$ cat upload_1.txt   # compact mmCIF, C-alpha atoms and all ligand atoms
# COMPACT_ATOMS: atom_id res chain seq x y z
CA MET A 1 -120.90 42.95 -3.56
CA SER A 2 -124.42 42.40 -2.27
CA HIS A 3 -126.64 39.70 -3.71
CA SER A 4 -130.08 40.49 -4.96
CA PRO A 5 -132.78 39.77 -2.37
CA GLN A 6 -134.45 37.64 -5.08
CA ILE A 7 -131.61 35.14 -4.85
CA ARG A 8 -131.87 34.78 -1.11
CA ARG A 9 -135.54 33.90 -1.14
CA PRO A 10 -136.30 30.15 -0.96
CA VAL A 11 -136.97 28.46 -4.28
CA HIS A 12 -139.87 26.45 -2.91
CA ARG A 13 -142.84 27.80 -1.10
CA ILE A 14 -145.88 25.78 -0.22
CA GLU A 15 -148.49 28.02 1.30
CA ILE A 16 -151.10 26.60 3.66
CA SER A 17 -154.05 28.90 4.08
CA ARG A 18 -155.32 28.84 7.64
CA SER A 19 -158.40 30.85 6.75
CA ALA A 20 -159.28 28.33 4.02
CA LEU A 21 -158.95 25.46 6.51
CA GLU A 22 -161.22 27.22 8.98
CA SER A 23 -163.70 28.15 6.30
CA ASN A 24 -163.90 24.52 5.10
CA VAL A 25 -164.57 23.36 8.67
CA ARG A 26 -167.38 25.93 8.87
CA VAL A 27 -168.91 24.57 5.66
CA PHE A 28 -169.26 21.16 7.35
CA ARG A 29 -170.47 22.61 10.65
CA GLU A 30 -173.31 24.20 8.66
CA ILE A 31 -174.10 21.11 6.62
CA ALA A 32 -173.95 18.73 9.60
CA PRO A 33 -174.66 20.84 12.69
CA ASP A 34 -175.53 17.82 14.83
CA SER A 35 -172.41 15.79 14.06
CA LEU A 36 -168.99 16.05 15.63
CA PHE A 37 -166.27 17.08 13.18
CA MET A 38 -163.17 14.92 12.77
CA ALA A 39 -160.31 16.49 10.82
CA VAL A 40 -158.59 13.62 9.01
CA VAL A 41 -154.89 14.46 9.01
CA LYS A 42 -153.34 11.15 7.98
CA SER A 43 -150.58 11.04 5.37
CA ASN A 44 -148.97 14.27 6.55
CA ALA A 45 -152.39 15.95 6.43
CA TYR A 46 -152.88 14.89 2.79
CA GLY A 47 -149.49 16.39 2.00
CA HIS A 48 -150.37 19.72 3.61
CA ASP A 49 -148.06 19.14 6.62
CA LEU A 50 -149.36 17.62 9.83
CA ASP A 51 -147.77 20.27 12.06
CA ARG A 52 -149.12 23.26 10.14
CA VAL A 53 -152.62 21.81 9.86
CA VAL A 54 -152.87 20.71 13.50
CA GLU A 55 -151.56 24.10 14.67
CA ALA A 56 -154.23 25.81 12.56
CA LEU A 57 -157.10 23.56 13.69
CA SER A 58 -156.32 22.82 17.31
CA GLY A 59 -159.31 23.76 19.46
CA LYS A 60 -161.50 24.22 16.36
CA VAL A 61 -162.32 20.58 15.62
CA ASP A 62 -163.75 17.82 17.81
CA TRP A 63 -161.47 14.97 16.73
CA PHE A 64 -158.38 14.29 14.67
CA GLY A 65 -158.07 11.15 12.55
CA VAL A 66 -154.71 9.61 11.63
CA ASN A 67 -153.54 6.34 10.15
CA GLY A 68 -150.76 5.09 12.42
CA LEU A 69 -148.97 5.49 15.72
CA PRO A 70 -146.07 7.73 14.60
CA GLU A 71 -148.50 10.39 13.39
CA ALA A 72 -150.57 9.97 16.54
CA ARG A 73 -147.51 10.57 18.73
CA ARG A 74 -146.54 13.66 16.75
CA LEU A 75 -150.08 14.93 16.94
CA ARG A 76 -150.17 14.45 20.70
CA GLN A 77 -147.03 16.61 21.02
CA LEU A 78 -148.74 19.39 19.07
CA ASP A 79 -152.12 19.09 20.74
CA ALA A 80 -152.48 17.41 24.12
CA GLN A 81 -156.28 17.58 24.30
CA THR A 82 -158.24 16.79 21.17
CA PRO A 83 -159.29 13.13 20.91
CA VAL A 84 -157.48 11.18 18.18
CA LEU A 85 -158.75 8.16 16.25
CA VAL A 86 -155.97 5.94 14.90
CA MET A 87 -157.80 4.45 11.94
CA GLY A 88 -155.16 2.22 10.39
CA LEU A 89 -153.62 0.86 13.57
CA ASN A 90 -153.59 -2.91 13.72
CA VAL A 91 -152.96 -5.45 16.41
CA HIS A 92 -149.37 -5.99 15.21
CA ASP A 93 -148.53 -2.30 15.67
CA LEU A 94 -150.15 -2.36 19.10
CA ALA A 95 -148.26 -5.48 20.14
CA GLN A 96 -145.00 -4.06 18.79
CA ALA A 97 -145.46 -0.81 20.69
CA HIS A 98 -146.23 -2.85 23.80
CA ALA A 99 -143.17 -5.08 23.30
CA ASP A 100 -140.98 -1.98 22.86
CA SER A 101 -142.51 -0.56 26.07
CA LEU A 102 -143.77 2.40 24.06
CA ALA A 103 -146.80 3.82 25.77
CA ILE A 104 -149.85 4.55 23.63
CA PRO A 105 -150.30 8.30 24.12
CA ALA A 106 -153.27 9.42 26.22
CA GLY A 107 -156.49 10.32 24.48
CA LEU A 108 -155.94 7.92 21.61
CA THR A 109 -158.72 5.70 20.40
CA VAL A 110 -157.83 2.80 18.16
CA VAL A 111 -159.90 0.99 15.59
CA VAL A 112 -160.40 -2.75 15.98
CA SER A 113 -161.70 -5.08 13.29
CA SER A 114 -161.22 -8.57 14.70
CA MET A 115 -161.51 -10.89 17.67
CA GLU A 116 -157.73 -11.17 17.60
CA ALA A 117 -157.44 -7.44 18.34
CA LEU A 118 -160.11 -7.59 21.05
CA ASP A 119 -158.37 -10.51 22.74
CA TRP A 120 -155.11 -8.62 22.66
CA ILE A 121 -156.66 -5.49 24.16
CA ALA A 122 -158.46 -7.46 26.88
CA ALA A 123 -155.22 -9.21 27.84
CA ASN A 124 -152.71 -6.37 27.50
CA ALA A 125 -154.40 -2.98 27.53
CA PRO A 126 -157.88 -3.34 29.04
CA GLU A 127 -158.22 0.42 29.56
CA GLN A 128 -157.45 1.24 25.90
CA SER A 129 -160.36 3.05 24.24
CA PHE A 130 -161.43 1.62 20.87
CA HIS A 131 -164.03 1.81 18.15
CA LEU A 132 -165.28 -1.41 16.55
CA LYS A 133 -165.17 -1.27 12.77
CA VAL A 134 -167.79 -3.10 10.74
CA ASP A 135 -167.21 -4.16 7.14
CA THR A 136 -170.41 -3.28 5.30
CA GLY A 137 -169.08 -3.68 1.77
CA LEU A 138 -165.59 -2.26 1.26
CA SER A 139 -163.87 -5.51 2.29
CA ARG A 140 -160.80 -3.72 3.61
CA LEU A 141 -160.93 -3.43 7.40
CA GLY A 142 -163.81 -4.25 9.69
CA ALA A 143 -165.51 -7.32 11.08
CA ASN A 144 -168.37 -9.03 9.31
CA GLY A 145 -170.42 -12.22 9.46
CA ALA A 146 -169.43 -14.73 12.13
CA GLY A 147 -166.39 -12.62 13.08
CA LEU A 148 -168.62 -9.69 13.88
CA ASP A 149 -171.02 -11.90 15.86
CA ALA A 150 -168.08 -13.15 17.93
CA CYS A 151 -166.86 -9.59 18.58
CA LEU A 152 -170.29 -8.42 19.75
CA GLU A 153 -170.70 -11.44 22.01
CA PHE A 154 -167.24 -10.92 23.50
CA LEU A 155 -167.88 -7.21 24.07
CA LYS A 156 -171.17 -7.95 25.78
CA ALA A 157 -169.37 -10.38 28.08
CA HIS A 158 -166.61 -7.83 28.86
CA PRO A 159 -168.40 -4.68 30.02
CA GLN A 160 -165.19 -3.38 31.61
CA LEU A 161 -163.53 -2.83 28.20
CA ALA A 162 -163.42 0.79 26.99
CA TRP A 163 -165.55 0.27 23.90
CA THR A 164 -166.47 3.80 22.82
CA GLY A 165 -167.55 3.70 19.20
CA LEU A 166 -168.86 1.87 16.16
CA MET A 167 -167.87 2.72 12.61
CA THR A 168 -167.90 1.70 8.98
CA HIS A 169 -166.52 3.13 5.74
CA PHE A 170 -168.19 3.49 2.33
CA ALA A 171 -166.79 1.96 -0.84
CA ASN A 172 -168.37 3.89 -3.62
CA VAL A 173 -169.82 7.29 -2.80
CA GLU A 174 -167.27 9.35 -4.76
CA ASP A 175 -167.32 7.42 -8.00
CA VAL A 176 -171.00 7.56 -8.82
CA THR A 177 -174.07 9.76 -8.70
CA ASP A 178 -176.31 6.74 -8.03
CA GLN A 179 -175.96 5.98 -4.32
CA SER A 180 -177.73 2.61 -4.16
CA TYR A 181 -174.61 0.72 -3.03
CA ALA A 182 -173.92 3.25 -0.27
CA LEU A 183 -177.53 2.98 0.90
CA GLU A 184 -177.16 -0.80 1.08
CA GLN A 185 -174.04 -0.35 3.19
CA LEU A 186 -175.86 2.11 5.41
CA ALA A 187 -178.76 -0.32 5.88
CA ARG A 188 -176.35 -3.06 6.95
CA PHE A 189 -174.65 -0.66 9.33
CA THR A 190 -177.96 0.42 10.84
CA ALA A 191 -178.83 -3.21 11.55
CA VAL A 192 -175.47 -3.78 13.27
CA ARG A 193 -175.89 -0.57 15.23
CA GLU A 194 -178.96 -1.92 16.98
CA ARG A 195 -177.13 -5.11 18.00
CA ALA A 196 -174.09 -3.10 19.08
CA ARG A 197 -176.17 -0.80 21.31
CA GLU A 198 -177.59 -3.85 22.99
CA ALA A 199 -174.12 -5.40 23.47
CA ALA A 200 -172.67 -2.11 24.73
CA GLY A 201 -174.99 -1.98 27.75
CA GLU A 202 -174.09 1.12 29.77
CA ARG A 203 -171.34 2.17 27.37
CA ARG A 204 -172.34 5.00 25.01
CA LEU A 205 -171.05 4.51 21.48
CA ILE A 206 -170.07 7.23 19.02
CA VAL A 207 -171.46 5.93 15.74
CA HIS A 208 -169.89 7.13 12.49
CA ALA A 209 -169.64 6.27 8.81
CA ALA A 210 -169.14 9.34 6.65
CA ALA A 211 -165.97 10.61 4.97
CA SER A 212 -166.12 13.85 2.93
CA ALA A 213 -168.37 12.67 0.09
CA PRO A 214 -171.06 11.00 2.23
CA ALA A 215 -170.94 13.93 4.66
CA LEU A 216 -171.69 16.22 1.72
CA ILE A 217 -174.36 14.24 -0.10
CA LEU A 218 -175.74 11.45 2.11
CA PRO A 219 -177.57 13.14 4.98
CA ASP A 220 -178.50 9.83 6.66
CA ALA A 221 -174.83 8.87 6.88
CA ARG A 222 -173.77 11.88 8.98
CA LEU A 223 -174.69 10.24 12.30
CA ASP A 224 -172.72 11.25 15.43
CA LEU A 225 -169.49 12.24 13.70
CA ILE A 226 -168.17 12.98 10.21
CA ARG A 227 -164.58 12.12 9.20
CA VAL A 228 -163.53 14.78 6.74
CA GLY A 229 -160.27 14.50 4.83
CA ILE A 230 -160.07 15.71 1.24
CA SER A 231 -162.69 18.44 1.60
CA LEU A 232 -161.06 19.82 4.74
CA TYR A 233 -158.31 20.78 2.31
CA GLY A 234 -160.85 22.47 0.05
CA LEU A 235 -161.01 19.78 -2.62
CA TRP A 236 -164.10 17.99 -3.90
CA PRO A 237 -163.90 14.20 -3.51
CA SER A 238 -164.84 13.93 -7.19
CA ASN A 239 -166.79 15.69 -9.88
CA GLU A 240 -169.66 13.24 -9.33
CA THR A 241 -169.88 14.35 -5.70
CA ARG A 242 -169.88 18.00 -6.77
CA LEU A 243 -172.69 17.35 -9.24
CA SER A 244 -174.71 15.47 -6.61
CA ALA A 245 -174.21 18.28 -4.11
CA LEU A 246 -175.28 20.77 -6.73
CA SER A 247 -178.55 18.94 -7.30
CA GLN A 248 -179.24 18.32 -3.58
CA LEU A 249 -178.22 21.39 -1.70
CA GLU A 250 -179.71 24.81 -2.18
CA ARG A 251 -176.33 26.20 -3.05
CA LEU A 252 -173.00 24.54 -3.66
CA PRO A 253 -170.85 24.76 -0.54
CA GLU A 254 -167.78 26.86 -1.17
CA LEU A 255 -164.75 24.70 -0.50
CA ARG A 256 -161.53 26.72 -0.58
CA PRO A 257 -158.31 24.96 -1.65
CA VAL A 258 -155.82 25.24 1.19
CA LEU A 259 -152.53 24.60 -0.59
CA ARG A 260 -150.58 26.68 -3.12
CA TRP A 261 -147.26 25.40 -4.46
CA LEU A 262 -144.85 27.98 -5.77
CA THR A 263 -141.29 27.89 -6.95
CA ARG A 264 -138.84 30.31 -8.55
CA ILE A 265 -137.23 30.40 -11.95
CA VAL A 266 -133.55 29.51 -11.62
CA HIS A 267 -132.49 30.07 -15.24
CA VAL A 268 -133.84 31.79 -18.36
CA HIS A 269 -132.40 31.53 -21.84
CA ASP A 270 -133.24 31.86 -25.52
CA VAL A 271 -133.26 28.80 -27.74
CA PRO A 272 -133.54 28.65 -31.52
CA ALA A 273 -136.23 26.92 -33.56
CA GLY A 274 -135.63 23.17 -33.63
CA ALA A 275 -133.96 23.02 -30.20
CA ASN A 276 -134.44 19.79 -28.27
CA VAL A 277 -135.78 20.30 -24.77
CA GLY A 278 -135.22 17.75 -22.02
CA TYR A 279 -134.19 14.10 -21.78
CA GLY A 280 -135.08 11.86 -24.65
CA CYS A 281 -135.30 14.82 -27.07
CA THR A 282 -139.07 14.39 -27.02
CA TYR A 283 -139.80 18.04 -27.75
CA GLN A 284 -138.46 20.40 -30.42
CA THR A 285 -139.22 24.09 -30.34
CA PRO A 286 -141.28 25.02 -33.41
CA ALA A 287 -139.81 28.56 -33.41
CA ASP A 288 -137.23 30.67 -31.62
CA THR A 289 -138.39 31.09 -28.06
CA ARG A 290 -137.36 31.79 -24.50
CA VAL A 291 -137.45 29.04 -21.90
CA ALA A 292 -137.27 29.08 -18.12
CA THR A 293 -135.95 26.31 -15.88
CA LEU A 294 -137.73 25.53 -12.61
CA PRO A 295 -136.16 23.55 -9.76
CA VAL A 296 -138.88 20.94 -9.42
CA GLY A 297 -139.30 17.43 -10.80
CA TYR A 298 -140.72 14.06 -10.01
CA TYR A 299 -138.65 13.74 -6.83
CA GLU A 300 -140.44 16.79 -5.47
CA GLY A 301 -143.79 15.29 -6.48
CA TYR A 302 -144.24 16.94 -9.87
CA GLU A 303 -145.12 13.76 -11.73
CA ARG A 304 -143.12 12.67 -14.76
CA ALA A 305 -146.42 11.90 -16.48
CA LEU A 306 -146.94 15.68 -16.66
CA SER A 307 -144.14 15.85 -19.29
CA SER A 308 -145.18 18.13 -22.20
CA ARG A 309 -148.74 18.23 -20.79
CA ALA A 310 -149.01 20.52 -17.79
CA HIS A 311 -148.50 24.23 -17.53
CA VAL A 312 -147.37 26.49 -14.72
CA LEU A 313 -148.33 30.11 -14.12
CA ILE A 314 -145.76 32.87 -14.49
CA HIS A 315 -146.76 36.53 -14.16
CA GLY A 316 -150.32 35.15 -14.02
CA ARG A 317 -149.99 33.55 -17.49
CA ARG A 318 -149.81 29.94 -18.56
CA ALA A 319 -146.34 28.63 -19.37
CA PRO A 320 -146.41 25.11 -20.88
CA VAL A 321 -144.05 22.40 -19.63
CA LEU A 322 -141.76 21.48 -22.54
CA GLY A 323 -140.46 17.92 -22.85
CA ARG A 324 -139.80 15.53 -20.03
CA VAL A 325 -140.09 16.28 -16.36
CA SER A 326 -136.67 15.42 -14.89
CA MET A 327 -135.93 14.29 -11.37
CA ASN A 328 -135.41 17.81 -10.03
CA MET A 329 -136.14 20.16 -12.95
CA ILE A 330 -138.65 21.16 -15.58
CA VAL A 331 -138.38 23.57 -18.51
CA VAL A 332 -141.30 25.82 -19.44
CA ASP A 333 -141.95 28.05 -22.42
CA VAL A 334 -142.06 31.75 -21.56
CA GLY A 335 -141.58 33.11 -25.10
CA HIS A 336 -145.04 34.73 -24.96
CA ILE A 337 -144.61 36.29 -21.49
CA PRO A 338 -142.69 39.57 -21.44
CA GLY A 339 -140.02 40.41 -18.90
CA VAL A 340 -139.47 36.97 -17.35
CA ALA A 341 -136.27 36.75 -15.30
CA ALA A 342 -134.50 34.34 -12.99
CA GLY A 343 -135.96 34.69 -9.50
CA ASP A 344 -139.52 35.23 -10.74
CA GLU A 345 -142.21 33.18 -9.11
CA ALA A 346 -143.98 30.28 -10.83
CA VAL A 347 -147.20 28.72 -9.53
CA LEU A 348 -147.18 24.93 -9.92
CA LEU A 349 -150.48 24.35 -8.15
CA GLY A 350 -153.07 26.89 -7.10
CA ARG A 351 -154.21 30.32 -8.20
CA ALA A 352 -151.91 32.96 -9.57
CA GLU A 353 -152.23 36.34 -7.98
CA VAL A 354 -153.15 38.83 -10.63
CA ASP A 355 -150.27 41.26 -11.12
CA ASP A 356 -152.11 42.97 -13.88
CA ALA A 357 -153.69 46.38 -13.17
CA SER A 358 -156.41 45.63 -15.71
CA GLY A 359 -157.66 42.97 -13.26
CA ALA A 360 -157.67 40.13 -15.77
CA SER A 361 -159.26 37.08 -14.19
CA ALA A 362 -156.90 34.96 -12.12
CA GLU A 363 -155.54 31.79 -13.68
CA GLU A 364 -155.45 28.58 -11.70
CA VAL A 365 -153.83 25.17 -11.87
CA SER A 366 -156.04 22.97 -9.75
CA ALA A 367 -155.21 19.60 -8.21
CA GLU A 368 -157.99 18.25 -10.43
CA ASP A 369 -156.26 19.65 -13.55
CA LEU A 370 -153.03 17.85 -12.68
CA ALA A 371 -154.90 14.68 -11.69
CA GLU A 372 -156.72 14.60 -15.00
CA LEU A 373 -153.48 14.97 -16.96
CA THR A 374 -151.91 11.99 -15.20
CA GLY A 375 -154.97 9.76 -14.84
CA THR A 376 -155.22 9.95 -11.07
CA ILE A 377 -157.25 11.76 -8.40
CA ASN A 378 -156.66 15.03 -6.55
CA TYR A 379 -155.98 13.03 -3.34
CA GLU A 380 -152.83 11.58 -4.91
CA VAL A 381 -151.66 14.89 -6.38
CA VAL A 382 -151.48 16.64 -3.01
CA THR A 383 -150.23 13.69 -0.96
CA ARG A 384 -147.33 13.19 -3.39
CA ILE A 385 -145.73 16.60 -2.81
CA LEU A 386 -142.40 15.92 -1.12
CA ALA A 387 -142.81 16.27 2.63
CA ASP A 388 -139.35 17.85 2.95
CA LEU A 389 -140.40 21.01 1.15
CA PRO A 390 -141.34 23.59 3.75
CA ARG A 391 -144.99 24.47 4.17
CA VAL A 392 -145.67 27.98 5.42
CA PRO A 393 -148.90 29.11 7.02
CA VAL A 394 -150.49 32.14 5.38
CA ASP A 395 -153.51 34.36 6.26
C1 LIG B 1 -159.06 8.63 4.82
C2 LIG B 1 -160.31 8.28 5.51
C3 LIG B 1 -161.36 9.21 5.63
C4 LIG B 1 -161.34 10.55 4.93
O1 LIG B 1 -161.75 10.38 3.58
P1 LIG B 1 -161.97 11.63 2.61
O2 LIG B 1 -162.60 11.06 1.40
O3 LIG B 1 -160.59 12.17 2.31
O4 LIG B 1 -162.79 12.62 3.33
C5 LIG B 1 -162.44 8.85 6.41
N1 LIG B 1 -162.51 7.64 7.02
C6 LIG B 1 -161.52 6.72 6.89
C7 LIG B 1 -161.68 5.41 7.57
C8 LIG B 1 -160.41 7.00 6.14
O5 LIG B 1 -159.44 6.08 6.01
$ encode --input "upload_1.txt" --output "structure tokens" --more "lines below"
Ligand SMILES: *Cc1c(COP(=O)(O)O)cnc(C)c1O
Amino acid sequence: MSHSPQIRRPVHRIEISRSALESNVRVFREIAPDSLFMAVVKSNAYGHDLDRVVEALSGKVDWFGVNGLPEARRLRQLDAQTPVLVMGLNVHDLAQAHADSLAIPAGLTVVVSSMEALDWIAANAPEQSFHLKVDTGLSRLGANGAGLDACLEFLKAHPQLAWTGLMTHFANVEDVTDQSYALEQLARFTAVRERAREAAGERRLIVHAAASAPALILPDARLDLIRVGISLYGLWPSNETRLSALSQLERLPELRPVLRWLTRIVHVHDVPAGANVGYGCTYQTPADTRVATLPVGYYEGYERALSSRAHVLIHGRRAPVLGRVSMNMIVVDVGHIPGVAAGDEAVLLGRAEVDDASGASAEEVSAEDLAELTGTINYEVVTRILADLPRVPVD
């Protein structure tokens, strides 16, 4: 007996649109034609899959940005050429790699924030290229005050060190439409830049400050290079940033979401009025209905806080999540959607292709929709999707 082809198809499918990635890069090339473009691919490319994203963007971006050494090594295997900035690398990681006789892959630039790191580099890896990070008001990484003065003095006295850049990071561009704090940070950075140029002597520094939001709405922050993460994946850093862009730019740039998360119904059955659905018996069906079970839960990155709140798209229509999200399963109501069967596709995140000849407008579950339901941000929604689920490149 042969099995239906429906059953052999994988139950999870996370599509990564290459054309959307490329189109989002183009948006930034148009907005900031004089700046280099760094694709920030830390955290498994914001959950989109480092391999798929690097394969799609190799040769099309000027830099890649990652957080740590493991990602940098993987990236180097996928792309031997494009410069890589390791933004979260610290002196302990460097020393550990050194102690383990693990070479730092070629073409890697690390970020240093302290005299301790500079001392280590001067003593152990004097040819290692690095960017000096300045804390201008985020208080996370970066040198400031007397520490910064000491770094600049040391760098001036060590012209043989491969100091190649100067950077900072904004604290508060996404969360507000009033950019006065960011402008203060930028003013501090500009002042340091002058001192850094003087200390650098013959060395030419790449100077950069802007992540997605400042690249979109703070023209003076674009400088030599923009470090674009969230919006590379077609997502707005926040609604405030979208509103600011709307008021500043002639037309709103079209960012195209890159990721679609689909699964398949594994079970369909009819339940009577008053049936309890899910753990904790938190939901009772108000009437006889039909429910479908989907093989996804909080382990896969479909947050438990979405219980009885989110909906998925089946046959292009909204199917509400009933009751609790379990570890590996959810139950959705399909009583109002005709002809639903096991094996049918459900969209958890992204647009539903219209399968309706009348051309009814496409429904969408956006990362922002899910973020709003669980009190978080789109960044967290996409980075939480279990890395083990296969991502497949499309278009
Ligand atoms: C993550 C990160 C970025 C990218 O930020 P987005 O808001 O996602 O564009 C840029 N710079 C640094 C230092 C980062 O850590």
$ residues_near_point --input "upload_1.txt" --point "(-161.9, 28.3, 4.6)" --cutoff "10 Å" --atoms "only C-alpha atoms" --output "list of chain:residue names"
A:Ser17, A:Arg18, A:Ser19, A:Ala20, A:Leu21, A:Glu22, A:Ser23, A:Asn24, A:Val25, A:Arg26, A:Val27, A:Leu232, A:Tyr233, A:Gly234, A:Glu254, A:Leu255, A:Arg256, A:Pro257, A:Val258
$ write_last_selection --input "upload_1.txt" --atoms "C-alpha atoms" --output "short mmCIF file (atom, residue, chain, number, x, y, z; two decimals), in the coordinates of the input"
data_model
loop_
_atom_site.label_atom_id
_atom_site.label_comp_id
_atom_site.auth_asym_id
_atom_site.auth_seq_id
_atom_site.Cartn_x
_atom_site.Cartn_y
_atom_site.Cartn_z
CA SER A 17 -154.05 28.90 4.08
CA ARG A 18 -155.32 28.84 7.64
CA SER A 19 -158.40 30.85 6.75
CA ALA A 20 -159.28 28.33 4.02
CA LEU A 21 -158.95 25.46 6.51
CA GLU A 22 -161.22 27.22 8.98
CA SER A 23 -163.70 28.15 6.30
CA ASN A 24 -163.90 24.52 5.10
CA VAL A 25 -164.57 23.36 8.67
CA ARG A 26 -167.38 25.93 8.87
CA VAL A 27 -168.91 24.57 5.66
CA LEU A 232 -161.06 19.82 4.74
CA TYR A 233 -158.31 20.78 2.31
CA GLY A 234 -160.85 22.47 0.05
CA GLU A 254 -167.78 26.86 -1.17
CA LEU A 255 -164.75 24.70 -0.50
CA ARG A 256 -161.53 26.72 -0.58
CA PRO A 257 -158.31 24.96 -1.65
CA VAL A 258 -155.82 25.24 1.19
#
$ residues_around --input "upload_1.txt" --residues "range 169-180 of chain A" --least-positions-apart "5" --cutoff "8 Å" --atoms "only C-alpha atoms" --output "PDB file with C-alpha atoms, in the frame of the given file"
ATOM      1  CA  ASP A 135    -167.210  -4.160   7.140  1.00  0.00           C
ATOM      2  CA  THR A 136    -170.410  -3.280   5.300  1.00  0.00           C
ATOM      3  CA  GLY A 137    -169.080  -3.680   1.770  1.00  0.00           C
ATOM      4  CA  LEU A 138    -165.590  -2.260   1.260  1.00  0.00           C
ATOM      5  CA  GLN A 185    -174.040  -0.350   3.190  1.00  0.00           C
ATOM      6  CA  ALA A 209    -169.640   6.270   8.810  1.00  0.00           C
ATOM      7  CA  ALA A 210    -169.140   9.340   6.650  1.00  0.00           C
ATOM      8  CA  ALA A 211    -165.970  10.610   4.970  1.00  0.00           C
ATOM      9  CA  ALA A 213    -168.370  12.670   0.090  1.00  0.00           C
ATOM     10  CA  PRO A 214    -171.060  11.000   2.230  1.00  0.00           C
ATOM     11  CA  PRO A 237    -163.900  14.200  -3.510  1.00  0.00           C
ATOM     12  CA  SER A 238    -164.840  13.930  -7.190  1.00  0.00           C
ATOM     13  CA  GLU A 240    -169.660  13.240  -9.330  1.00  0.00           C
ATOM     14  CA  THR A 241    -169.880  14.350  -5.700  1.00  0.00           C
ATOM     15  CA  LEU A 243    -172.690  17.350  -9.240  1.00  0.00           C
ATOM     16  CA  SER A 244    -174.710  15.470  -6.610  1.00  0.00           C
TER      17      SER A 244
END
$ residues_near_ligand --input "upload_1.txt" --ligand "ligand LIG 1 (chain B)" --cutoff "6 Å" --atoms "only C-alpha atoms and all ligand atoms" --output "list in words"
Val40, Met87, His169, Ala211, Ser212, Arg227, Val228, Gly229, Ile230 and Pro237 of chain A
$ closest_residue --input "upload_1.txt" --among "A:Leu152, A:Thr285, A:Glu380, A:Asp395" --to "Ser43 in chain A" --atoms "all atoms listed in the file"
A:Glu380
$ residues_around --input "upload_1.txt" --residues "Tyr302 in chain A" --least-positions-apart "2" --cutoff "12 Å" --atoms "only C-alpha atoms" --output "PyMOL selection string"
chain A and resi 261-263+294-300+304-307+309-312+321+324-330+348-349+367+370-371+373-374+380-386
$ residues_around --input "upload_1.txt" --residues "Leu89 in chain A" --least-positions-apart "3" --cutoff "8 Å" --atoms "all atoms listed in the file" --output "PyMOL selection string"
chain A and resi 67-69+86+93-94+110-111
$ closest_residue --input "upload_1.txt" --among "A:Gln128, A:Ser113, A:Thr82, A:Ser366" --to "Leu313 in chain A" --atoms "only C-alpha atoms"
A:Ser366
$ closest_residue --input "upload_1.txt" --among "A:Leu155, A:Lys133, A:Pro253, A:Ser139" --to "Ile206 in chain A" --atoms "all atoms listed in the file"
A:Lys133
$ residues_near_point --input "upload_1.txt" --point "(-158.7, 8.0, 19.0)" --cutoff "10 Å" --atoms "all atoms listed in the file" --output "ChimeraX atom specification"
/A:63-66,72,82-87,105-111,128-131,164-165
